[in-house]
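Step one of this worksheet: look at the structure below.
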Amino acid sequence: MSQIQKIAVEVKSFVSDSEMQDLRDAIGQFTIYRSVLQRTYPEHTFYLAVRDITYESLFEEPIGQLMIEDENLKLIVFDPNQEAIVKWIL
């Protein structure tokens with residue numbers, strides 16, 4: 001018998017001229033949401049969803065890896081053209 005897992009997902013687009021500003025805004029907003037929602041819905045696991053191109057250009061780089069580790073980010077990487085999840089970062 002499999003166990004049901006509840007998740008909540010914050011989708012971020014990273015469309016401004018500055019990926020670093022988008023990263024700052026996304027991480028800041030996500031950590032605030034996660035802190036509040038963990039108290040309200042402690043049974044949920046919280047994910048930040050980003051496009052595959054954003055993951056490759058930002059989260060595979062050292063600064064992105066640092067954010068994943070230090071902020072304990074769980075990511076869903078998706079391909080918007082195929083409307084498919086391509087990677088889960090737990």
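Every chain in the structure tokens takes a letter, A first, then B, and so on in the order presented; its residues are numbered from 1, and the ligands are numbered from 1 following the presented order.
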Q) So which residues touch segment 79-86 of chain A within 9 Å, counting only C-alpha atoms, skipping near sequence neighbours fewer than 6 positions away, as a count of residues only? A) 4
Q.
Write out as a PyMOL selection string the set of residues from chain A that DSSP, computed on the backbone, places in strand (DSSP E or B).
A. chain A and resi 6-11+44-51+75-79+84-89
Q: Identify all residues of chain A in helix (DSSP H, G or I) (DSSP on the backbone) and supply them as a PyMOL selection string.
A: chain A and resi 19-40+52-59+62-70
Q | Within 10 Å of Tyr33 of chain A using only C-alpha atoms, minus same-chain residues under 6 positions, as number ranges by chain | A | A: 10, 27, 46
Q | Who sits within 9 Å of Gln5 of chain A, only C-alpha atoms, same chain under 3 positions skipped, as a PyMOL selection string | A | chain A and resi 43-45
Q. What is the atom CA of Val77 of chain A-atom CA of Gln65 of chain A distance in Å, reported with one decimal?
A. 14.1 Å
Fewer than 4 positions away in the same chain doesn't count, so skip those; otherwise give me all residues within 8 Å of segment 14-20 of chain A, counting only C-alpha atoms, as a short mmCIF file (atom, residue, chain, number, x, y, z; two decimals) with N, CA, C and O atoms, in the first residue's frame.
data_model
loop_
_atom_site.label_atom_id
_atom_site.label_comp_id
_atom_site.auth_asym_id
_atom_site.auth_seq_id
_atom_site.Cartn_x
_atom_site.Cartn_y
_atom_site.Cartn_z
N ARG A 24 16.38 36.22 -5.84
CA ARG A 24 16.18 36.85 -4.52
C ARG A 24 14.69 36.93 -4.19
O ARG A 24 14.26 36.55 -3.10
N VAL A 50 10.05 25.64 -11.09
CA VAL A 50 10.71 26.52 -12.06
C VAL A 50 10.80 25.83 -13.41
O VAL A 50 10.83 24.60 -13.49
N THR A 54 15.26 27.73 -16.56
CA THR A 54 15.69 28.46 -15.36
C THR A 54 16.55 27.56 -14.48
O THR A 54 17.58 27.98 -13.96
N LEU A 58 20.38 28.65 -13.78
CA LEU A 58 20.56 29.25 -12.47
C LEU A 58 20.80 28.22 -11.36
O LEU A 58 21.77 28.31 -10.62
#
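Distances to Ala8 of chain A were evaluated for A:Tyr41, A:Phe78, A:Phe30, A:Tyr47 using only C-alpha atoms, and the minimum falls at A:Tyr47.
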Q: Give me, please, the distance in Å between atom CA of Ile76 of chain A and atom CA of Ser13 of chain A, quoted to one decimal.
A: 12.5 Å
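Considering the residues A:Gln3, A:Gln21, A:Thr40, A:Thr31 and counting only C-alpha atoms, Leu73 of chain A has its shortest atom-to-atom contact with A:Thr31.
Checking A:Gly28, A:Leu23, A:Met67, A:Leu48 one by one against Trp88 of chain A, counting only C-alpha atoms, you find the shortest gap at A:Leu48.
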Q: Could you please determine the separation between atom CA of Leu75 of chain A and atom CA of Lys87 of chain A in Å, to one decimal place?
A: 8.0 Å
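Distances from A:Lys6, A:Glu71, A:Glu56, A:Gly64 to Ile32 of chain A were compared using only C-alpha atoms, and the smallest one belongs to A:Glu71.
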